[in-house]
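**Q** If it helps, the file is called final23.txt and holds compact mmCIF, C-alpha atoms and all ligand atoms:
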# COMPACT_ATOMS: atom_id res chain seq x y z
CA MET A 12 121.39 92.09 104.18
CA SER A 13 120.55 95.73 103.65
CA GLY A 14 117.85 97.73 105.39
CA GLU A 15 117.43 100.48 107.89
CA GLY A 16 116.95 98.52 111.06
CA PRO A 17 114.44 96.21 112.60
CA SER A 18 111.07 95.93 110.93
CA ARG A 19 108.49 98.17 112.53
CA ALA A 20 106.20 95.18 112.67
CA ALA A 21 108.62 93.41 114.99
CA ASN A 22 107.83 95.95 117.68
CA SER A 23 104.11 96.12 117.22
CA ALA A 24 101.32 94.46 119.14
CA PRO A 25 99.53 91.70 117.20
CA SER A 26 96.19 93.44 117.40
CA GLY A 27 95.14 96.96 118.15
CA GLY A 28 91.38 96.58 117.90
CA ARG A 29 90.59 100.29 118.17
CA ALA A 30 89.16 101.39 114.87
CA ALA A 31 85.79 100.05 113.78
CA ALA A 32 86.53 100.65 110.09
CA THR A 33 89.50 98.68 108.86
CA ALA A 34 91.79 99.95 106.13
CA ALA A 35 90.51 97.27 103.77
CA SER A 36 86.88 98.06 104.52
CA VAL A 37 87.34 101.66 103.40
CA GLY A 38 89.12 100.80 100.16
CA GLY A 39 92.70 100.57 101.40
CA PRO A 40 94.98 97.65 100.60
CA LEU A 41 94.69 94.43 102.54
CA LEU A 42 98.40 93.71 102.26
CA GLU A 43 101.02 96.34 101.60
CA ILE A 44 104.71 95.54 101.46
CA ALA A 45 107.40 98.18 101.07
CA GLY A 46 111.13 97.70 100.64
CA LEU A 47 111.26 94.11 101.87
CA ASP A 48 114.66 92.46 102.20
CA ALA A 49 114.96 88.84 103.32
CA GLY A 50 117.21 85.85 102.94
CA TYR A 51 118.93 83.00 104.67
CA GLY A 52 121.86 83.83 106.90
CA GLU A 53 124.34 85.85 104.89
CA MET A 54 122.54 85.18 101.63
CA GLN A 55 120.15 87.97 100.67
CA VAL A 56 117.32 86.74 98.43
CA LEU A 57 114.68 89.48 98.40
CA ARG A 58 115.79 93.00 97.50
CA GLY A 59 113.46 95.89 98.15
CA VAL A 60 110.26 94.05 97.26
CA SER A 61 107.17 96.25 97.27
CA LEU A 62 103.65 95.14 96.42
CA VAL A 63 100.02 95.71 97.20
CA VAL A 64 97.13 93.27 97.42
CA ARG A 65 93.69 94.81 97.57
CA PRO A 66 90.63 93.20 99.15
CA ALA A 67 88.99 90.48 97.01
CA GLU A 68 91.76 90.54 94.42
CA ILE A 69 93.56 87.55 93.02
CA VAL A 70 97.16 88.66 92.63
CA ALA A 71 99.77 86.50 90.91
CA MET A 72 103.44 86.54 91.85
CA VAL A 73 105.22 84.81 89.01
CA GLY A 74 108.81 84.07 88.19
CA GLY A 75 111.20 81.28 87.43
CA ASN A 76 112.72 78.64 89.60
CA GLY A 77 114.67 80.20 92.48
CA ALA A 78 113.44 83.76 91.87
CA GLY A 79 112.52 84.16 95.53
CA LYS A 80 108.76 83.65 95.49
CA THR A 81 108.65 81.11 98.30
CA THR A 82 111.05 83.26 100.29
CA LEU A 83 108.57 86.12 99.97
CA LEU A 84 105.75 83.97 101.35
CA ARG A 85 107.97 82.77 104.19
CA ALA A 86 108.78 86.37 105.06
CA ILE A 87 105.11 87.37 104.99
CA SER A 88 104.23 84.40 107.20
CA ARG A 89 107.04 85.41 109.57
CA LEU A 90 108.75 82.07 109.13
CA ILE A 91 111.98 83.88 108.30
CA SER A 92 113.09 87.31 109.43
CA SER A 93 112.97 90.28 107.10
CA ARG A 94 113.54 94.01 106.94
CA GLY A 95 111.14 96.52 105.52
CA ASN A 96 107.49 97.23 106.13
CA ILE A 97 104.59 94.85 105.90
CA ALA A 98 101.13 96.18 106.72
CA PHE A 99 98.03 94.05 106.91
CA ASP A 100 94.74 95.86 106.79
CA GLY A 101 96.42 99.16 107.56
CA ARG A 102 98.37 97.95 110.60
CA PRO A 103 101.88 96.59 110.99
CA LEU A 104 101.83 92.84 110.39
CA PRO A 105 102.20 90.86 113.63
CA ALA A 106 105.72 89.70 114.37
CA THR A 107 105.21 85.97 114.92
CA ALA A 108 103.96 83.22 112.63
CA ASP A 109 101.18 82.31 115.10
CA ASP A 110 99.90 85.86 115.26
CA VAL A 111 100.07 86.25 111.48
CA PHE A 112 97.93 83.13 111.14
CA ALA A 113 95.53 84.43 113.76
CA ALA A 114 95.26 87.72 111.85
CA GLY A 115 93.98 85.79 108.84
CA LEU A 116 96.98 85.31 106.56
CA VAL A 117 97.10 81.64 105.79
CA GLN A 118 99.62 79.89 103.56
CA VAL A 119 99.05 76.82 101.42
CA PRO A 120 102.63 75.60 101.25
CA GLU A 121 104.44 74.20 98.25
CA GLY A 122 104.16 70.42 98.39
CA ARG A 123 100.86 70.71 100.33
CA GLN A 124 102.23 69.35 103.61
CA LEU A 125 99.10 67.47 104.55
CA PHE A 126 98.81 65.15 107.49
CA ASP A 127 99.32 62.16 105.22
CA ARG A 128 97.96 59.51 107.55
CA MET A 129 94.86 61.43 108.52
CA SER A 130 91.62 61.43 106.59
CA VAL A 131 90.56 64.34 104.41
CA GLU A 132 88.07 65.46 107.04
CA GLU A 133 90.63 65.27 109.84
CA ASN A 134 92.95 67.44 107.74
CA LEU A 135 90.18 69.95 107.21
CA ARG A 136 89.42 70.02 110.92
CA MET A 137 93.10 70.70 111.61
CA GLY A 138 92.73 73.88 109.57
CA ALA A 139 90.14 75.03 112.10
CA TYR A 140 92.20 74.09 115.15
CA ARG A 141 92.13 77.60 116.59
CA ARG A 142 88.39 77.95 116.26
CA ARG A 143 85.92 77.09 119.00
CA ASP A 144 82.70 77.57 117.04
CA ALA A 145 81.76 73.90 116.54
CA SER A 146 78.54 74.50 114.63
CA ALA A 147 80.18 77.03 112.29
CA ILE A 148 83.05 74.58 111.73
CA ALA A 149 80.53 71.90 110.74
CA GLN A 150 78.90 74.34 108.33
CA ASP A 151 82.26 75.31 106.88
CA LEU A 152 83.12 71.65 106.30
CA GLU A 153 80.00 71.29 104.20
CA ARG A 154 80.81 74.54 102.41
CA MET A 155 84.26 73.16 101.54
CA TYR A 156 82.70 69.99 100.21
CA GLY A 157 80.52 72.23 98.04
CA ILE A 158 83.56 74.07 96.67
CA PHE A 159 85.60 70.87 96.32
CA PRO A 160 83.10 68.11 95.44
CA ARG A 161 85.90 65.58 94.97
CA LEU A 162 86.74 65.94 98.63
CA ALA A 163 83.15 65.27 99.62
CA ASP A 164 83.41 61.84 97.98
CA ARG A 165 86.66 61.21 99.80
CA ARG A 166 86.09 62.67 103.21
CA ARG A 167 87.04 59.41 104.99
CA GLN A 168 89.96 58.65 102.65
CA ILE A 169 93.50 58.87 103.99
CA ALA A 170 94.93 62.08 102.54
CA GLY A 171 98.27 60.53 101.58
CA SER A 172 96.52 58.01 99.35
CA MET A 173 94.90 60.61 97.09
CA SER A 174 96.15 61.97 93.77
CA GLY A 175 98.30 65.11 93.70
CA GLY A 176 95.38 67.23 92.51
CA GLU A 177 93.10 65.95 95.26
CA GLN A 178 95.81 66.59 97.82
CA GLN A 179 96.12 70.15 96.55
CA MET A 180 92.36 70.60 96.94
CA CYS A 181 92.62 69.23 100.47
CA ALA A 182 95.43 71.66 101.31
CA MET A 183 93.40 74.60 99.97
CA ALA A 184 90.25 73.50 101.79
CA ARG A 185 92.23 73.06 105.01
CA ALA A 186 93.51 76.63 104.66
CA MET A 187 89.95 77.85 104.04
CA MET A 188 88.83 76.18 107.28
CA ALA A 189 90.88 78.78 109.14
CA ARG A 190 88.57 81.43 107.64
CA PRO A 191 91.49 83.35 106.12
CA ARG A 192 91.25 86.90 104.91
CA LEU A 193 94.26 86.39 102.66
CA MET A 194 95.17 82.98 101.31
CA MET A 195 98.68 82.65 99.93
CA VAL A 196 99.08 79.65 97.65
CA ASP A 197 102.57 78.45 96.77
CA GLU A 198 103.04 76.58 93.47
CA MET A 199 99.54 75.19 93.31
CA SER A 200 100.09 73.72 89.85
CA LEU A 201 103.40 71.99 90.49
CA GLY A 202 103.44 68.47 89.04
CA LEU A 203 99.74 68.47 88.16
CA ALA A 204 98.11 67.70 84.82
CA PRO A 205 96.76 70.74 82.93
CA VAL A 206 93.16 69.56 83.30
CA ILE A 207 93.57 69.45 87.10
CA VAL A 208 95.27 72.85 87.11
CA ASP A 209 92.26 74.27 85.23
CA LEU A 210 89.95 72.80 87.85
CA LEU A 211 91.98 74.34 90.65
CA LEU A 212 92.04 77.72 88.92
CA GLU A 213 88.28 77.62 88.61
CA THR A 214 88.14 76.91 92.33
CA MET A 215 90.21 80.04 92.95
CA THR A 216 87.42 82.21 91.64
CA ARG A 217 84.98 80.42 93.95
CA ILE A 218 87.29 81.06 96.88
CA ARG A 219 87.40 84.73 95.95
CA ALA A 220 83.61 84.73 95.74
CA GLU A 221 83.65 83.61 99.38
CA GLY A 222 85.32 86.94 100.19
CA VAL A 223 88.88 85.59 100.46
CA THR A 224 91.70 87.55 98.85
CA VAL A 225 94.31 85.41 97.10
CA LEU A 226 98.05 85.78 96.51
CA LEU A 227 99.05 83.11 94.05
CA VAL A 228 102.72 82.29 93.72
CA GLU A 229 103.42 80.35 90.53
CA GLN A 230 106.07 79.22 88.10
CA ASP A 231 103.27 78.46 85.65
CA VAL A 232 102.91 82.04 84.49
CA HIS A 233 100.17 81.34 82.00
CA ALA A 234 98.01 79.53 84.57
CA ALA A 235 98.48 82.20 87.22
CA LEU A 236 97.75 85.14 84.91
CA SER A 237 94.70 83.39 83.46
CA VAL A 238 92.90 83.70 86.79
CA ALA A 239 94.55 86.77 88.36
CA ASP A 240 93.42 90.39 88.29
CA ARG A 241 96.94 91.73 88.60
CA GLY A 242 100.39 90.31 88.75
CA TYR A 243 104.02 90.88 89.62
CA VAL A 244 107.04 89.30 87.98
CA MET A 245 109.97 88.46 90.25
CA GLU A 246 113.51 87.83 89.05
CA THR A 247 116.46 87.20 91.37
CA GLY A 248 114.62 88.59 94.35
CA GLU A 249 113.35 91.78 92.74
CA ILE A 250 110.05 92.82 91.22
CA VAL A 251 110.84 93.55 87.58
CA ARG A 252 107.32 93.97 86.15
CA GLU A 253 103.85 94.62 87.48
CA GLY A 254 100.48 95.29 85.99
CA THR A 255 97.11 93.88 85.15
CA ALA A 256 97.12 90.20 84.32
CA ARG A 257 96.01 90.98 80.76
CA GLY A 258 98.73 93.61 80.41
CA LEU A 259 101.42 91.21 81.59
CA GLU A 260 100.16 88.42 79.33
CA SER A 261 100.52 90.68 76.32
CA ASP A 262 103.87 92.15 77.40
CA PRO A 263 106.45 90.96 74.83
CA GLU A 264 109.16 90.60 77.50
CA VAL A 265 106.91 88.44 79.67
CA GLN A 266 105.90 86.41 76.64
CA ARG A 267 109.49 85.87 75.64
CA ALA A 268 110.71 84.94 79.10
CA TYR A 269 107.77 82.98 80.48
CA LEU A 270 105.10 82.21 77.95
CA GLY A 271 107.14 80.31 75.42
CA ASP A 272 106.92 82.93 72.69
CA VAL A 273 110.32 82.72 71.01
CA THR A 274 109.52 85.55 68.62
CA GLY A 275 108.61 87.87 71.48
CA GLY A 276 106.14 89.58 69.18
CA ASP A 277 102.36 89.71 69.24
P1 LIG B 301 110.89 77.65 93.46
O1 LIG B 301 109.63 77.78 92.74
O2 LIG B 301 111.91 76.82 92.77
O3 LIG B 301 110.73 77.29 94.91
P2 LIG B 301 111.20 80.34 94.28
O4 LIG B 301 111.00 81.51 93.39
O5 LIG B 301 110.12 80.04 95.25
O6 LIG B 301 111.54 79.09 93.40
P3 LIG B 301 112.89 80.42 96.58
O7 LIG B 301 112.52 79.04 97.04
O8 LIG B 301 112.35 81.56 97.33
O9 LIG B 301 112.56 80.60 95.05
O10 LIG B 301 114.48 80.49 96.55
C1 LIG B 301 115.19 81.69 96.31
C2 LIG B 301 116.65 81.47 96.59
O11 LIG B 301 116.83 81.16 97.98
C3 LIG B 301 117.26 80.29 95.82
O12 LIG B 301 118.55 80.67 95.45
C4 LIG B 301 117.30 79.19 96.84
O13 LIG B 301 118.36 78.31 96.57
C5 LIG B 301 117.52 79.93 98.14
N1 LIG B 301 116.94 79.23 99.30
C6 LIG B 301 115.66 78.82 99.42
N2 LIG B 301 115.45 78.25 100.60
C7 LIG B 301 116.62 78.29 101.27
C8 LIG B 301 117.06 77.87 102.57
N3 LIG B 301 116.23 77.30 103.43
N4 LIG B 301 118.36 78.09 102.90
C9 LIG B 301 119.20 78.71 102.04
N5 LIG B 301 118.85 79.13 100.80
C10 LIG B 301 117.59 78.94 100.42
Let me see the file written as structure tokens.

**A**
Amino acid sequence: MSGEGPSRAANSAPSGGRAAATAASVGGPLLEIAGLDAGYGEMQVLRGVSLVVRPAEIVAMVGGNGAGKTTLLRAISRLISSRGNIAFDGRPLPATADDVFAAGLVQVPEGRQLFDRMSVEENLRMGAYRRRDASAIAQDLERMYGIFPRLADRRRQIAGSMSGGEQQMCAMARAMMARPRLMMVDEMSLGLAPVIVDLLLETMTRIRAEGVTVLLVEQDVHAALSVADRGYVMETGEIVREGTARGLESDPEVQRAYLGDVTGGD
């Protein structure tokens, strides 16, 4: 793996707490990644990945199977080691997965990873496990049932017995219960019917309206760009395109490679 040495974030304290104005509150990026390398053992997957996510944006990270998208999320969540710089709200990202979660970066993993034998509501409460504000947690539960009405009808249902789409809603609502600042969603649409994907995409805009910034990692390029403000295209561990979602959708190369346009024209 290449790189210039240990990540600066690895040596930083999880929270500084000095400045009243945060980088994001004065117009700076919420997440800023520069020159990120990561992989598994000897195998390097990410090569010099740089990206920016601004407050209240929905940013899509798209690319084919095995491009390295999940690896990127694992590196951001500090589940695997990496080299390069990751700043969150103007400060070095904390070095451990626990501290990253506590800082407000919450991942909705591919495959949902719910507590299958627990009810929907128990799953949602697990999302708030670090919080001690019981009355606010109760309010947030109701708020989640407002955003995801299907979950309200199923709050006592065992999560593992629900449909894939309902389980995805449950995983997103559970993440929201942590009151994230940045929610990173991995392959939300995988294996779901288009009508359910549309419903989930609509929910994304409601989540953003709640003040949560979203990084959406997707193989379904069309779905991701339909809801995103901006996007990045990843191929074999590198960012090969970036731009506004509309710009990427109309890019002939992106159309040819990902949007099923065999002519590549417009
Ligand atoms: P997908 O949508 O299929 O998950 P992706 O873009 O998320 O694709 P990654 O899962 O990040 O891609 O995989 C990137 C590369 O890293 C692939 O070559 C994959 O085989 C490899 N890889 C992923 N996880 C591991 C692991 N735990 N150990 C070793 N190699 C891995």

**Q** Looking at A:Ser172, A:Gln230, A:Gln118, A:Asn96, which one is nearest to ligand LIG 301 (chain B), with distances taken over only C-alpha atoms and all ligand atoms?

**A**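 With only C-alpha atoms and all ligand atoms as the atom set, the closest residue is A:Gln230.
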
**Q** Using only C-alpha atoms, pick whichever of A:Arg143, A:Arg161, A:Arg241, A:Arg192 has the shortest atom-to-atom distance to A:Leu259.

**A**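 Under the stated criterion, the closest residue is A:Arg241.
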
**Q** Which of these residues is nearest to A:Val238, using only C-alpha atoms: A:Val131, A:Ala49, A:Val251, A:Val208?

**A**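 Between A:Val131, A:Ala49, A:Val251, A:Val208, the residue approaching A:Val238 most closely is A:Val208.
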
**Q** Rounded to one decimal in Å, what is the spacing between atom CA of A:Leu211 and atom CA of A:Arg136?

**A**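 Going from atom CA of A:Leu211 over to atom CA of A:Arg136, I get 20.9 Å.
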
**Q** Using only C-alpha atoms and all ligand atoms, find each protein or nucleic acid residue lying at most 9 Å from ligand LIG 301 (chain B); present the set as number ranges by chain.

**A** A: 50-52, 54-57, 73-85, 121, 197-198, 201, 228-230, 245-248

**Q** Of the candidates A:Ala45, A:Glu68, A:Thr224, A:Arg154, which one gets nearest to A:Ala256 if we count only C-alpha atoms?

**A** A:Glu68

**Q** Kindly give the distance, in Å, that separates atom CA of A:Ala147 and atom CA of A:Leu41, rounded to a single decimal.

**A**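 Atom CA of A:Leu41 lies at a distance of 24.7 Å from atom CA of A:Ala147.
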
**Q** To one decimal place in Å, what is the distance between atom CA of A:Leu210 and atom CA of A:Glu177?

**A** 10.6 Å

**Q** Which residue gives the smallest distance to A:Val223 among A:Glu153, A:Leu90, A:Pro191, A:Glu249, with only C-alpha atoms counted?

**A** A:Pro191

**Q** Using only C-alpha atoms, which protein or nucleic acid residues come within 10 Å of A:Phe126? Drop anything in the same chain fewer than 5 positions from it, and give the result as a PDB file with C-alpha atoms, keeping the file's coordinate frame.

**A**
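New file part_24.pdb:
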ATOM      1  CA  VAL A 131      90.560  64.340 104.410  1.00  0.00           C
ATOM      2  CA  GLU A 133      90.630  65.270 109.840  1.00  0.00           C
ATOM      3  CA  ASN A 134      92.950  67.440 107.740  1.00  0.00           C
ATOM      4  CA  LEU A 135      90.180  69.950 107.210  1.00  0.00           C
ATOM      5  CA  MET A 137      93.100  70.700 111.610  1.00  0.00           C
ATOM      6  CA  ILE A 169      93.500  58.870 103.990  1.00  0.00           C
ATOM      7  CA  ALA A 170      94.930  62.080 102.540  1.00  0.00           C
ATOM      8  CA  GLY A 171      98.270  60.530 101.580  1.00  0.00           C
ATOM      9  CA  ALA A 182      95.430  71.660 101.310  1.00  0.00           C
TER      10      ALA A 182
END
